[in-house]
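Visitor: Here's a structure for you.
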Amino acid sequence: MSTYLITGIAGFIGSSLARAALAQGGQVRGMDNLSTGKKENLSEILSRIDFRQADLLALAATHDACRGVDYVFHEAAIPSVPKSVLDPLGSNQANVDATVNLLVAARDAKVKRVVYAASSAAYGDTPTLPKREDMPPNPISPYAVGKLAGEYYMTSFYRCYGLETVSLRYFNIFGPRQDPTSPYSGVLAKFITQMLQGEQPTIFGDGAQSRDFTYVDNVVDANLRACQAPAAEVAGKVFNIATARRVDLNETFRALKKIIGYPGDVKYAPERAGDVKHSLADLTQAEKHLGYRPKVDFEEGLRRTIEWYRGNS
Ligand code: UD2
C-alpha cells in the first residue's frame, strides 16, 4: 500500500486526488495552509486522512510531512495570473519558494517520486498551436514564470540528487469544488455559479481568447499514471495534460447558457494584464509515456460541474 502526500489537499484538485488515492487503497496525508483551499472540500474523507494545516514555507513541518511517504502530489499554489500581477512577491513565495522547500524535504525523506502541478501558462503567447513540450517557453505573467521555475527545479532535483520528478502542465482545469468566490477564480467556476444565480458574467477582452479546458478527473488520472510510469520514460520530464480541444470564451458562454438555461447575455470588460490569447495542447508525449488520454470531454465535464454546483451552492 502506497503513502501519498498531497500538498494543497484542500483545493479542488488536491481533494479530488485525495479521494482517488483513498479509492486505490492508499494512505493519504495532506498539507494545506487554507489560503485558497477549504476544509469542507475534504468533509466526508477528513477522518480517513492525516490532514495537516501547515504552510510549505515552514520547513520543519514540510520535512515532517514527507517522512514515510512514497509519492508526493504537489498541488499547493496561488493559482492565479491576475493575483501574481498584483502581488508578484506573494506569488513567488507560494509557487517557487514553497516548491523548493518541498523538494528539499522530499529529497531528504527519500520519497519515490514527486508529481508537480505545472501550468500551460509556461507557453505564454507563442503563436504555434498546439503547444508541444519541446517548444521554448515564453511566460508572460509572474505566475507563469513561477510555475515554470517550479518545473526547472523538479528537473534539477532529478539531475542533481536523483529524486524522481514528473511535471504535468495542466491546461485550465475545471470541475466540482473549484472555488468560485474570489475575483481570481477560474473562469468556468465563476461563470457557472454566476449564471446559476441569474447574475451576468463578464468576459475580459473580446471573448476570442481560447482555452483547452480540462475536466478534473482527467488530471487525477494523469497524476496516478505519473506515479506508475517507468522512471526511464518520465523522470525529470514535463508533460501536457489537457483535453486537446480549444474553445473560445464566447463559445464557452453559449455552451453554458444552453446547459444552464440562462436567459441573459454576457457583458464585456477590458482585457486582463498578463492574459494569454490562445491555448491548446498536443498530447502525443502524455499518451506515449503515461498512456494518458482524456476520459471526460469538455461538454460532459461542463454537465457534471454544473450539476455539482446546482446541488452544492
Ligand atoms: C492560467 C493557466 C492555467 C492555470 C491557471 C491557474 C494559461 C493559458 N492557463 O489560466 O493552466 O495554471 O492559470 O489556475 O495560462 N476571464 C473572463 N472573465 C472572468 C474570469 C476570467 O473573461 O470572470 C477570462 C480571462 O481573462 C482568461 C480566461 O477567462 O482569458 C481564463 O481565465 P482563468 O483565470 O480561468 O484562467 P487562465 O487562462 O488565466
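By convention here, the chains of the C-alpha cells are called A, B, ... in the order presented, each chain's residues are numbered starting at 1, and ligands are numbered starting at 1 in the order presented.
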Can you tell me which residues come within 6 Å of ligand 1 when counting only C-alpha atoms and all ligand atoms, ideally as a short mmCIF file (atom, residue, chain, number, x, y, z; two decimals) with N, CA, C and O atoms, in the first residue's frame?
Guide:
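Heads up, here's the output in part_7.cif:
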```cif
data_model
loop_
_atom_site.label_atom_id
_atom_site.label_comp_id
_atom_site.auth_asym_id
_atom_site.auth_seq_id
_atom_site.Cartn_x
_atom_site.Cartn_y
_atom_site.Cartn_z
N PRO A 79 -2.94 29.91 -7.48
CA PRO A 79 -3.11 29.62 -8.91
C PRO A 79 -3.83 30.74 -9.65
O PRO A 79 -4.95 30.57 -10.10
N SER A 80 -3.16 31.86 -9.82
CA SER A 80 -3.86 32.96 -10.49
C SER A 80 -2.90 33.90 -11.20
O SER A 80 -1.95 34.40 -10.59
N VAL A 81 -3.18 34.14 -12.45
CA VAL A 81 -2.40 35.10 -13.24
C VAL A 81 -2.60 36.52 -12.69
O VAL A 81 -1.62 37.20 -12.34
N SER A 119 2.03 24.35 -15.24
CA SER A 119 0.94 25.06 -15.93
C SER A 119 1.24 25.35 -17.39
O SER A 119 2.37 25.68 -17.76
N SER A 120 0.16 25.29 -18.17
CA SER A 120 0.21 25.67 -19.58
C SER A 120 0.61 27.14 -19.73
O SER A 120 0.99 27.57 -20.82
N ALA A 121 0.52 27.90 -18.63
CA ALA A 121 0.91 29.32 -18.68
C ALA A 121 2.36 29.46 -19.12
O ALA A 121 2.75 30.50 -19.66
N TYR A 170 -0.75 21.42 -16.55
CA TYR A 170 -2.21 21.42 -16.61
C TYR A 170 -2.70 22.55 -17.52
O TYR A 170 -2.23 23.68 -17.42
N PHE A 171 -3.71 22.24 -18.33
CA PHE A 171 -4.35 23.24 -19.19
C PHE A 171 -5.73 23.56 -18.62
O PHE A 171 -6.66 22.78 -18.78
N ASN A 172 -5.88 24.67 -17.95
CA ASN A 172 -7.16 25.18 -17.45
C ASN A 172 -8.11 24.10 -16.94
O ASN A 172 -9.09 23.73 -17.60
N GLY A 186 -11.13 30.62 -11.32
CA GLY A 186 -11.14 30.16 -12.71
C GLY A 186 -12.45 30.57 -13.39
O GLY A 186 -13.51 30.62 -12.75
N VAL A 187 -12.36 30.84 -14.68
CA VAL A 187 -13.50 31.42 -15.38
C VAL A 187 -14.73 30.50 -15.36
O VAL A 187 -15.86 30.99 -15.23
N THR A 202 -18.93 38.34 -16.87
CA THR A 202 -18.14 39.32 -17.63
C THR A 202 -17.00 38.63 -18.36
O THR A 202 -16.24 37.88 -17.74
N ILE A 203 -16.90 38.90 -19.64
CA ILE A 203 -15.74 38.42 -20.40
C ILE A 203 -14.71 39.55 -20.46
O ILE A 203 -15.05 40.68 -20.82
N PHE A 204 -13.47 39.26 -20.07
CA PHE A 204 -12.40 40.25 -20.17
C PHE A 204 -11.80 40.16 -21.57
O PHE A 204 -11.23 39.14 -21.94
N GLN A 209 -10.40 34.90 -27.03
CA GLN A 209 -9.32 34.09 -26.43
C GLN A 209 -9.85 32.68 -26.17
O GLN A 209 -11.02 32.51 -25.84
N ARG A 272 -7.47 41.40 -19.53
CA ARG A 272 -6.68 41.32 -18.30
C ARG A 272 -5.18 41.36 -18.59
O ARG A 272 -4.74 40.72 -19.55
N ASP A 275 -2.69 38.15 -19.60
CA ASP A 275 -3.51 37.09 -20.20
C ASP A 275 -2.87 36.50 -21.47
O ASP A 275 -2.33 37.23 -22.28
N VAL A 276 -3.02 35.19 -21.61
CA VAL A 276 -2.58 34.50 -22.82
C VAL A 276 -3.75 34.51 -23.80
O VAL A 276 -4.91 34.44 -23.38
N SER A 279 -4.69 28.83 -26.21
CA SER A 279 -4.02 27.71 -25.54
C SER A 279 -4.62 26.39 -26.02
O SER A 279 -5.85 26.24 -26.03
#
```
Visitor: For range 216-232 of chain A, work out the shell of residues within 6 Å, counting only C-alpha atoms and skipping chain neighbours fewer than 4 positions away, then give it as an mmCIF file with C-alpha atoms, in the first residue's frame.
Guide:
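Okay, this is what ended up in part.cif:
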```cif
data_model
loop_
_atom_site.group_PDB
_atom_site.id
_atom_site.type_symbol
_atom_site.label_atom_id
_atom_site.label_comp_id
_atom_site.auth_asym_id
_atom_site.auth_seq_id
_atom_site.Cartn_x
_atom_site.Cartn_y
_atom_site.Cartn_z
ATOM 1 C CA LEU A 17 -6.615 13.415 -5.822
ATOM 2 C CA ILE A 173 -8.605 22.559 -15.124
ATOM 3 C CA PHE A 174 -12.235 22.804 -14.010
ATOM 4 C CA GLY A 175 -14.718 20.706 -12.093
ATOM 5 C CA LEU A 290 1.911 7.976 -19.482
ATOM 6 C CA PRO A 294 -8.728 12.467 -21.683
#
```
Visitor: Go through A:Tyr158, A:Asp179, A:Arg67, A:Ala61 one by one, measure the shortest atom-to-atom distance of each to Ala10 in chain A using only C-alpha atoms, and give the residue with the smallest value.
Guide: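 Of the candidates, the smallest distance to Ala10 in chain A is held by A:Asp179.
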Visitor: CA of Leu283 in chain A and CA of Leu103 in chain A are how many Å apart?
Guide: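 According to the coordinates, CA of Leu283 in chain A and CA of Leu103 in chain A are separated by 26.7 Å.
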Visitor: DSSP on the backbone: which residues in range 46-278 of chain A end up as alpha helix (DSSP H)? Give the answer as a PyMOL selection string.
Guide: chain A and resi 59-66+81-86+88-92+98-108+142-161+187-196+216-228+231-234+249-260
Visitor: Leaving out Tyr152 in chain A and any residue of its chain fewer than 4 positions from it, which residues lie within 12 Å of it when counting only C-alpha atoms, given as an MDAnalysis selection string?
Guide: chainID A and resid 96 99:100 103 116 118 122 137 145:148 156:160 165:167 236:238
Visitor: Out of range 191-266 of chain A, which residues get strand (DSSP E) from DSSP, as a list in words?
Guide: Thr202, Ile203, Phe204, Ser210, Arg211, Thr214, Tyr215, Lys237, Val238, Phe239, Asn240, Ile241, Val247 and Asp248 of chain A
Visitor: Which residue out of A:Glu199, A:Glu300, A:Asp134, A:Asp212 has the minimum interatomic distance to Tyr262 in chain A when only C-alpha atoms are used?
Guide: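 Nearest candidate to Tyr262 in chain A out of A:Glu199, A:Glu300, A:Asp134, A:Asp212: A:Glu199.
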Visitor: Just want the 8 Å neighbourhood of range 40-50 of chain A, counted on only C-alpha atoms, with same-chain residues fewer than 4 positions away dropped. Output as a compact mmCIF listing (two decimals) with N, CA, C and O atoms, in the first residue's frame.
Guide:
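Full text of part.txt as output:
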```txt
# COMPACT_ATOMS: atom_id res chain seq x y z
N ALA A 10 -6.64 20.68 0.29
CA ALA A 10 -7.99 21.23 0.47
C ALA A 10 -8.47 22.01 -0.75
O ALA A 10 -9.57 22.55 -0.75
N GLY A 11 -7.67 22.05 -1.77
CA GLY A 11 -8.10 22.69 -3.02
C GLY A 11 -8.91 21.72 -3.86
O GLY A 11 -9.06 20.55 -3.50
N PHE A 12 -9.43 22.17 -4.98
CA PHE A 12 -10.34 21.28 -5.73
C PHE A 12 -9.58 20.16 -6.43
O PHE A 12 -10.08 19.04 -6.50
N SER A 15 -8.11 17.82 -3.40
CA SER A 15 -9.13 17.00 -2.73
C SER A 15 -9.64 15.89 -3.66
O SER A 15 -10.00 14.80 -3.20
N ARG A 19 -9.34 11.72 -2.84
CA ARG A 19 -10.41 10.72 -2.99
C ARG A 19 -9.94 9.55 -3.86
O ARG A 19 -10.19 8.39 -3.56
N GLN A 27 -2.71 5.31 1.54
CA GLN A 27 -2.76 6.12 2.77
C GLN A 27 -2.55 7.56 2.31
O GLN A 27 -1.65 7.81 1.50
N VAL A 28 -3.34 8.47 2.85
CA VAL A 28 -3.24 9.86 2.38
C VAL A 28 -2.91 10.81 3.53
O VAL A 28 -3.57 10.81 4.57
N ARG A 29 -1.87 11.60 3.29
CA ARG A 29 -1.52 12.69 4.20
C ARG A 29 -1.63 13.97 3.38
O ARG A 29 -1.32 13.97 2.19
N GLY A 30 -2.07 15.04 4.00
CA GLY A 30 -2.22 16.27 3.22
C GLY A 30 -1.76 17.48 3.98
O GLY A 30 -1.87 17.55 5.21
N ARG A 177 -16.09 21.59 -6.87
CA ARG A 177 -15.33 22.12 -5.74
C ARG A 177 -14.36 23.23 -6.09
O ARG A 177 -13.68 23.75 -5.22
```
Visitor: May I ask which of the residues A:Asp55, A:Glu75, A:Glu233, A:Asp70 is the closest one to His289 in chain A, counting only C-alpha atoms?
Guide: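 Between A:Asp55, A:Glu75, A:Glu233, A:Asp70, the residue approaching His289 in chain A most closely is A:Glu233.
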Visitor: Could you give me, as a list in words, the residues within 6 Å of Met31 in chain A, counting only C-alpha atoms and dropping anything in the same chain fewer than 2 positions from it?
Guide: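 So the residues in contact are Thr7, Gly8, Arg52, Gln53 and Ala54 of chain A.
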Visitor: Could you jot down the CA of Glu287 in chain A to CA of Asn95 in chain A separation for me, Å, one decimal place?
Guide: 27.3 Å
Visitor: For a test of reading the model, state the distance in Å between CA of Lys83 in chain A and CA of Gly274 in chain A, rounded to one decimal.
Guide: 10.2 Å
Visitor: Using only C-alpha atoms, can you tell me which of A:Glu164, A:Gly124, A:Tyr215, A:Leu22 comes closest to Pro176 in chain A?
Guide: A:Tyr215
Visitor: From the set A:Arg169, A:Lys257, A:Lys295, A:Lys267, which residue has the shortest atom-to-atom contact distance to Leu196 in chain A, counting only C-alpha atoms?
Guide: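 Between A:Arg169, A:Lys257, A:Lys295, A:Lys267, the residue approaching Leu196 in chain A most closely is A:Lys257.
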